[in-house]
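Enquirer: Structure file data28.cif, mmCIF, C-alpha atoms, is pasted below:
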data_work
#
loop_
_atom_site.label_atom_id
_atom_site.label_comp_id
_atom_site.auth_asym_id
_atom_site.auth_seq_id
_atom_site.Cartn_x
_atom_site.Cartn_y
_atom_site.Cartn_z
CA MET A 1 0.00 0.00 0.00
CA SER A 2 1.46 3.34 -0.94
CA SER A 3 1.82 6.00 1.69
CA PRO A 4 -1.06 8.45 1.98
CA PHE A 5 1.15 11.17 3.47
CA ASP A 6 2.61 14.14 1.75
CA GLN A 7 4.05 15.80 4.82
CA ILE A 8 5.94 14.58 7.85
CA ILE A 9 5.49 16.46 11.09
CA ILE A 10 7.49 16.66 14.27
CA ASN A 11 6.13 16.06 17.72
CA GLU A 12 6.35 18.31 20.76
CA THR A 13 9.82 17.21 21.74
CA GLY A 14 11.17 17.94 18.31
CA GLU A 15 11.47 14.33 17.18
CA GLN A 16 10.34 13.54 13.70
CA ILE A 17 7.50 11.09 13.79
CA GLU A 18 8.24 8.15 11.58
CA GLU A 19 6.02 7.88 8.57
CA THR A 20 5.05 4.34 9.46
CA ASP A 21 3.84 5.51 12.87
CA LEU A 22 1.94 8.39 11.32
CA SER A 23 0.41 6.02 8.84
CA LEU A 24 -0.77 3.76 11.65
CA LEU A 25 -2.10 6.68 13.69
CA GLU A 26 -4.05 8.10 10.79
CA THR A 27 -5.31 4.65 9.86
CA LEU A 28 -6.51 4.09 13.42
CA ASP A 29 -8.16 7.48 13.47
CA HIS A 30 -10.14 6.50 10.39
CA VAL A 31 -10.99 2.86 11.07
CA LEU A 32 -11.81 3.28 14.80
CA ASN A 33 -13.67 6.56 14.80
CA ARG A 34 -15.53 6.58 11.52
CA GLY A 35 -17.44 4.40 9.12
CA LEU A 36 -20.77 2.67 8.85
CA VAL A 37 -22.03 1.23 12.09
CA ILE A 38 -24.51 -1.59 12.34
CA ALA A 39 -26.64 -1.29 15.45
CA GLY A 40 -25.23 -3.30 18.28
CA GLU A 41 -21.95 -3.50 20.06
CA ILE A 42 -18.47 -3.35 18.69
CA THR A 43 -16.09 -5.15 20.97
CA ILE A 44 -12.39 -4.58 20.53
CA SER A 45 -9.51 -5.86 22.56
CA VAL A 46 -6.36 -3.79 22.66
CA ALA A 47 -3.24 -5.81 22.01
CA ASP A 48 -0.07 -4.27 20.61
CA ILE A 49 -1.33 -0.83 19.64
CA ASP A 50 -1.00 0.92 22.98
CA LEU A 51 2.78 0.72 22.98
CA ILE A 52 2.90 2.99 19.98
CA PHE A 53 0.63 5.54 21.59
CA LEU A 54 2.67 5.54 24.77
CA GLY A 55 5.85 6.05 22.81
CA LEU A 56 4.58 9.05 20.89
CA ASN A 57 3.04 12.01 22.60
CA VAL A 58 0.85 12.88 19.67
CA LEU A 59 -2.05 14.20 18.44
CA LEU A 60 -4.94 12.35 16.99
CA SER A 61 -8.32 11.55 18.35
CA SER A 62 -7.50 7.87 18.25
CA VAL A 63 -4.80 8.58 20.78
CA GLU A 64 -7.45 9.86 23.13
CA THR A 65 -9.42 6.70 22.48
CA ALA A 66 -6.40 4.57 23.26
CA ASN A 67 -5.60 6.56 26.37
CA GLU A 68 -9.12 6.00 27.60
CA VAL A 69 -8.61 2.27 27.12
CA LEU A 70 -5.37 2.42 29.06
CA ARG A 71 -6.96 4.40 31.90
CA ARG A 72 -9.67 1.79 32.18
CA ARG A 73 -7.09 -0.95 32.13
CA GLU A 74 -5.16 0.70 34.96
CA ALA A 75 -8.34 1.19 36.97
CA GLU A 76 -9.30 -2.44 36.54
CA THR A 77 -5.93 -3.76 37.63
CA LYS A 78 -5.84 -1.69 40.88
CA MET B 1 -19.36 -18.17 12.65
CA LYS B 2 -19.80 -14.45 12.08
CA LEU B 3 -18.89 -12.22 9.20
CA TYR B 4 -16.38 -9.42 9.55
CA ALA B 5 -17.64 -6.59 7.31
CA TYR B 6 -15.12 -4.24 5.65
CA CYS B 7 -17.09 -2.13 3.23
CA LEU B 8 -20.14 -1.86 1.06
CA THR B 9 -20.40 -0.72 -2.52
CA GLU B 10 -22.27 -1.28 -5.76
CA GLY B 11 -21.44 -2.68 -9.17
CA ILE B 12 -18.52 -4.90 -8.15
CA ASP B 13 -18.98 -8.47 -9.37
CA GLU B 14 -15.59 -9.98 -8.63
CA LEU B 15 -12.40 -9.35 -6.73
CA THR B 16 -9.27 -8.95 -8.79
CA ASP B 17 -6.80 -9.86 -6.03
CA ASP B 18 -6.52 -12.29 -3.16
CA LEU B 19 -6.81 -10.17 -0.04
CA ALA B 20 -5.78 -10.98 3.52
CA GLY B 21 -8.20 -9.48 6.00
CA VAL B 22 -8.48 -9.25 9.75
CA ALA B 23 -6.83 -12.21 11.52
CA GLY B 24 -5.38 -13.23 8.15
CA ALA B 25 -8.72 -14.48 6.87
CA THR B 26 -9.41 -14.54 3.15
CA VAL B 27 -11.63 -11.71 2.00
CA ARG B 28 -14.56 -12.55 -0.25
CA LEU B 29 -17.26 -10.72 -2.12
CA LEU B 30 -20.82 -11.08 -0.89
CA LYS B 31 -23.77 -9.90 -2.96
CA LEU B 32 -26.78 -9.06 -0.81
CA GLU B 33 -29.88 -6.97 -1.39
CA GLY B 34 -28.37 -5.44 -4.50
CA PHE B 35 -25.18 -4.33 -2.73
CA SER B 36 -21.64 -5.70 -3.00
CA LEU B 37 -19.84 -6.26 0.29
CA LEU B 38 -16.34 -7.33 1.24
CA VAL B 39 -16.41 -9.72 4.19
CA SER B 40 -14.38 -12.49 5.76
CA ASP B 41 -15.27 -15.23 8.21
CA PHE B 42 -14.52 -14.57 11.86
CA ALA B 43 -14.85 -17.25 14.52
CA ASP B 44 -14.39 -15.21 17.73
CA GLU B 45 -16.63 -12.66 19.45
CA ILE B 46 -13.97 -9.98 20.01
CA VAL B 47 -11.70 -8.41 17.42
CA PRO B 48 -8.15 -7.76 18.66
CA LEU B 49 -7.00 -4.24 17.88
CA THR B 50 -3.55 -5.04 16.60
CA ARG B 51 -1.38 -3.17 14.14
CA ASP B 52 -1.89 -5.89 11.50
CA ASN B 53 -5.64 -6.05 11.94
CA ALA B 54 -6.07 -2.28 11.70
CA LEU B 55 -3.85 -2.02 8.64
CA ASN B 56 -5.48 -5.03 6.98
CA HIS B 57 -8.94 -3.54 7.51
CA ALA B 58 -7.82 -0.32 5.84
CA ALA B 59 -6.00 -2.18 3.05
CA VAL B 60 -9.08 -4.23 2.17
CA VAL B 61 -11.20 -1.09 1.96
CA ARG B 62 -8.50 0.68 -0.03
CA SER B 63 -8.27 -2.23 -2.49
CA LEU B 64 -11.55 -1.12 -4.08
CA LEU B 65 -10.65 2.54 -4.25
CA ASP B 66 -9.18 2.34 -7.75
CA ARG B 67 -12.40 0.85 -9.11
CA THR B 68 -15.16 2.49 -7.08
CA THR B 69 -15.86 4.46 -3.91
CA PRO B 70 -16.89 2.06 -1.14
CA LEU B 71 -18.57 2.95 2.15
CA PRO B 72 -16.34 1.53 4.89
CA PHE B 73 -17.70 -0.20 7.94
CA ARG B 74 -16.14 0.70 11.26
CA PHE B 75 -13.34 -1.54 12.52
CA ALA B 76 -14.59 -4.67 14.28
CA THR B 77 -18.01 -4.83 12.67
CA LEU B 78 -19.14 -8.42 13.23
CA VAL B 79 -22.51 -9.60 11.99
CA THR B 80 -24.37 -12.67 10.90
CA GLU B 81 -25.48 -12.84 7.29
CA SER B 82 -29.11 -12.45 8.35
CA GLU B 83 -28.28 -9.34 10.43
CA LEU B 84 -26.42 -7.91 7.49
CA ARG B 85 -29.30 -8.64 5.14
CA SER B 86 -31.76 -7.00 7.54
CA TYR B 87 -29.50 -3.94 7.91
CA LEU B 88 -29.23 -3.51 4.15
CA ALA B 89 -32.94 -3.97 3.58
CA THR B 90 -33.99 -1.48 6.25
CA ARG B 91 -31.33 1.14 5.40
CA ARG B 92 -31.48 0.74 1.64
CA ASP B 93 -32.53 4.32 0.84
CA ALA B 94 -30.01 5.90 3.21
CA LEU B 95 -27.20 3.69 1.95
CA GLN B 96 -27.99 4.43 -1.66
CA ALA B 97 -28.07 8.15 -0.86
CA LYS B 98 -24.64 7.84 0.76
CA LEU B 99 -23.26 5.94 -2.23
CA GLU B 100 -24.63 8.67 -4.46
CA LEU B 101 -22.97 11.35 -2.31
CA VAL B 102 -19.52 9.76 -2.40
CA ARG B 103 -19.60 8.42 -5.96
CA GLY B 104 -16.46 9.37 -7.85
CA CYS B 105 -14.88 10.92 -4.76
CA VAL B 106 -12.19 10.22 -2.19
CA GLU B 107 -11.66 11.58 1.29
CA MET B 108 -8.75 13.88 2.07
CA SER B 109 -7.81 14.50 5.67
CA VAL B 110 -6.35 17.70 7.11
CA LYS B 111 -5.40 18.11 10.73
CA ILE B 112 -3.91 21.25 12.23
CA ILE B 113 -2.06 20.96 15.49
CA TRP B 114 -1.89 23.57 18.23
CA ASP B 115 1.52 25.04 18.54
CA ARG B 116 2.85 24.81 22.09
CA GLU B 117 3.32 28.59 22.21
CA TRP B 118 -0.27 29.07 21.14
CA THR B 119 -1.45 26.73 23.84
CA GLU B 120 0.39 28.60 26.57
CA LYS B 121 0.04 32.15 25.27
CA PRO B 122 -3.36 33.05 26.74
CA VAL B 123 -2.25 31.93 30.19
CA ARG B 124 1.17 33.61 30.09
CA ALA B 125 -0.32 36.86 28.91
CA ALA B 126 -2.78 36.94 31.75
CA ILE B 127 -0.35 36.27 34.59
CA VAL B 128 -0.25 39.13 37.10
CA GLU B 129 0.63 39.48 40.76
CA GLU B 130 -2.28 38.10 42.77
CA LYS B 131 -3.21 37.65 46.39
CA PRO B 132 -3.60 34.01 47.40
CA GLY B 133 -7.35 34.41 47.97
CA THR B 134 -7.98 35.36 44.36
CA ALA B 135 -5.58 32.90 42.74
CA PHE B 136 -8.07 30.08 42.36
CA LEU B 137 -10.76 32.20 40.74
CA SER B 138 -8.24 33.95 38.56
CA GLU B 139 -6.86 30.63 37.38
CA LYS B 140 -10.37 29.46 36.50
CA ARG B 141 -11.00 32.68 34.63
CA ARG B 142 -7.77 32.25 32.69
CA GLU B 143 -8.74 28.69 31.78
CA ILE B 144 -12.10 29.83 30.47
CA LEU B 145 -10.61 32.76 28.58
CA GLY B 146 -7.91 30.51 27.14
CA SER B 147 -10.47 27.96 26.04
CA GLU B 148 -12.66 30.62 24.43
CA THR B 149 -9.69 32.18 22.69
CA ARG B 150 -8.62 28.80 21.33
CA ALA B 151 -12.14 28.03 20.13
CA ALA B 152 -12.38 31.38 18.35
CA GLU B 153 -8.98 30.92 16.73
CA ALA B 154 -9.85 27.38 15.60
CA LYS B 155 -13.04 28.64 13.95
CA LYS B 156 -11.12 31.40 12.23
CA ILE B 157 -8.55 28.95 10.87
CA ALA B 158 -11.31 26.56 9.77
CA SER B 159 -13.00 29.33 7.84
CA TRP B 160 -9.70 30.39 6.27
CA LEU B 161 -8.97 26.82 5.17
CA GLU B 162 -12.41 26.30 3.68
CA ASP B 163 -12.07 29.51 1.68
CA ARG B 164 -8.84 28.19 0.16
CA VAL B 165 -10.15 24.78 -0.97
CA ARG B 166 -13.91 25.29 -1.33
CA GLU B 167 -14.02 25.10 -5.12
CA THR B 168 -12.47 21.63 -5.15
CA VAL B 169 -14.52 20.14 -2.31
CA ARG B 170 -17.92 18.49 -2.65
CA GLU B 171 -18.54 18.24 1.08
CA ALA B 172 -16.64 18.78 4.32
CA ARG B 173 -16.75 17.50 7.88
CA ILE B 174 -15.15 20.08 10.16
CA ASN B 175 -14.32 19.41 13.77
CA THR B 176 -12.73 22.22 15.75
CA ASN B 177 -10.79 21.39 18.89
CA PRO B 178 -11.51 17.66 18.79
CA THR B 179 -8.72 17.10 21.33
CA ASP B 180 -6.48 19.29 23.49
CA LYS B 181 -3.68 18.99 20.97
CA LEU B 182 -5.68 19.34 17.80
CA MET B 183 -6.96 22.70 16.62
CA LEU B 184 -8.81 21.29 13.67
CA ALA B 185 -9.65 17.98 12.06
CA VAL B 186 -11.25 18.29 8.64
CA ALA B 187 -12.34 15.63 6.17
CA HIS B 188 -12.89 16.81 2.62
CA LEU B 189 -14.83 14.84 0.04
CA VAL B 190 -13.04 15.54 -3.22
CA GLU B 191 -13.84 14.32 -6.73
CA ARG B 192 -11.04 12.14 -8.09
CA GLY B 193 -10.42 14.47 -10.98
CA SER B 194 -9.99 17.41 -8.61
CA VAL B 195 -7.51 15.82 -6.21
CA GLY B 196 -4.51 17.40 -7.95
CA GLU B 197 -6.00 20.87 -7.81
CA TYR B 198 -7.10 20.32 -4.21
CA GLN B 199 -3.58 19.32 -3.21
CA ALA B 200 -2.13 22.35 -5.01
CA ARG B 201 -4.55 24.67 -3.22
CA LEU B 202 -3.73 23.07 0.09
CA LYS B 203 -0.02 23.42 -0.54
CA ALA B 204 -0.49 27.10 -1.32
CA ALA B 205 -2.55 27.54 1.83
CA ARG B 206 0.15 25.88 3.91
CA SER B 207 2.78 28.18 2.53
CA GLU B 208 0.54 31.15 3.45
CA ARG B 209 0.53 30.10 7.08
CA PRO B 210 3.92 28.51 7.86
CA GLU B 211 3.32 28.91 11.59
CA LEU B 212 0.58 26.25 11.47
CA HIS B 213 1.49 22.59 11.76
CA PHE B 214 -0.41 20.44 9.29
CA LEU B 215 -0.92 16.71 9.01
CA VAL B 216 -2.31 16.02 5.57
CA SER B 217 -3.22 12.56 4.36
CA GLY B 218 -5.22 10.91 1.64
CA PRO B 219 -6.77 9.74 -0.50
CA TRP B 220 -8.87 7.59 1.79
CA ALA B 221 -12.15 5.81 1.27
CA PRO B 222 -14.87 8.14 2.60
CA TYR B 223 -14.80 6.99 6.24
CA SER B 224 -16.00 10.36 7.52
CA PHE B 225 -18.98 10.46 5.18
CA ALA B 226 -20.30 6.96 5.78
CA ASN B 227 -22.31 7.30 8.98
CA ILE B 228 -26.02 7.07 8.46
CA ASP B 229 -27.10 6.93 12.06
CA LEU B 230 -25.68 6.90 15.51
CA GLU B 231 -27.52 4.12 17.28
CA TYR B 232 -24.60 2.14 18.47
CA THR B 233 -22.50 1.62 21.53
CA SER B 234 -18.87 0.66 21.59
CA ARG B 235 -17.16 -1.28 24.27
CA PHE B 236 -13.47 -1.85 24.67
CA GLY B 237 -12.27 -5.09 26.12
CA VAL B 238 -8.74 -5.72 27.23
CA SER B 239 -6.67 -8.65 26.14
#
Go through the file and emit its structure as structure tokens.
Expert:
Amino acid sequence: MSSPFDQIIINETGEQIEETDLSLLETLDHVLNRGLVIAGEITISVADIDLIFLGLNVLLSSVETANEVLRRREAETK
Amino acid sequence: MKLYAYCLTEGIDELTDDLAGVAGATVRLLKLEGFSLLVSDFADEIVPLTRDNALNHAAVVRSLLDRTTPLPFRFATLVTESELRSYLATRRDALQAKLELVRGCVEMSVKIIWDREWTEKPVRAAIVEEKPGTAFLSEKRREILGSETRAAEAKKIASWLEDRVRETVREARINTNPTDKLMLAVAHLVERGSVGEYQARLKAARSERPELHFLVSGPWAPYSFANIDLEYTSRFGVS
């Protein structure tokens, strides 16, 4: 799949965000937050994605979604 | 056994490539109620949100983008064939209207990120010597003023951006301040033949405002233009 990006940005600490990470973040933003929904529940388990979010202090709404998942996880394990 | 649904479209009678979907399952074409759908079999009740699964979902949807404009389903949409048939039958008019809206188009995504200086400026500017008794209320006031200033600035930037690209955009979804770090998240529905001009206009706009940090991506399938109703709940499990 070709890259959908035409610009690379830097994060708050001045590091350049790798294009592959950006690609994943933007993909998550699209596939998790948007699209047709059939009435009912969507149940997702978070596996390896959260490590990427924790490693990058960025920017997209899907990050907020992931952070919410992590907060719940922390609350459940206390 | 449930079906994992990727996207819905019309006028597709066969797949040209073998596609690996979520959990590595083979993607197949399903014709139901006059629509063409990409689905794969899924044995479990919960879809793991892994890097591969997310990227495979997007890749399957994207695989049709050269031939048509599909309406994507949200990640982790699991249904039985009878549920899917019922959904298509009861939402037929709305789905056909959506397909009509997006026909011949792709989605382009523009995000503008708050600069750190911008985020702190309203607070720094308002700092004055205060007695301890007034500090709390003053801080609250600064928060409110800062929030209002940011909201006004985001609206101004949104309006500026729309002015620059309007002639190449069929429809837009504009979200100001969707998160603390994002000033603006915009999805533009752009006709395929206008993508080049849209990108040129966007590039010119970016050079007009070098102080703004952009994240521009696309073309995507029209994820932001696919919702037809909101009657759903989502639940996140933890693996």
Enquirer: Rounded to one decimal in Å, what is the spacing between atom CA of Arg92 of chain B and atom CA of Ile38 of chain A?
Expert: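 For atom CA of Arg92 of chain B relative to atom CA of Ile38 of chain A, the distance reads 13.0 Å.
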Enquirer: Going by the chain IDs and residue numbers used in this file, which residues fall under the PyMOL selection byres ((chain B and resi 85) around 12)? Write them as a ChimeraX atom specification.
Expert: /A:38 /B:3,30-37,79-84,86-92
Enquirer: Restricting the calculation to all atoms listed in the file: of B:Leu137, B:Leu182, B:Val169, B:Leu99, which residue gets closest to Ala151 of chain B?
Expert: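 Smallest separation from Ala151 of chain B among the options: B:Leu182.
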Enquirer: Which value, in Å to one decimal, gives the distance between atom CA of Ala58 of chain B and atom CA of Asn227 of chain B?
Expert: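 Result for atom CA of Ala58 of chain B versus atom CA of Asn227 of chain B: 16.7 Å, one decimal.
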Enquirer: I need the residue nearest chain A from this list: B:Glu208, B:Asp52, B:Glu197, B:Glu162. Use all atoms listed in the file for the distance.
Expert: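 Smallest distance to chain A is found for B:Asp52.
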Enquirer: Assuming the chain letters and numbering stay as they are in my file, what does the PyMOL selection byres ((chain B and resi 12) around 9) actually select? List them as JSON, numbers by chain.
Expert: {"B": [9, 10, 11, 13, 14, 15, 29, 31, 35, 36, 37, 64, 67, 68]}
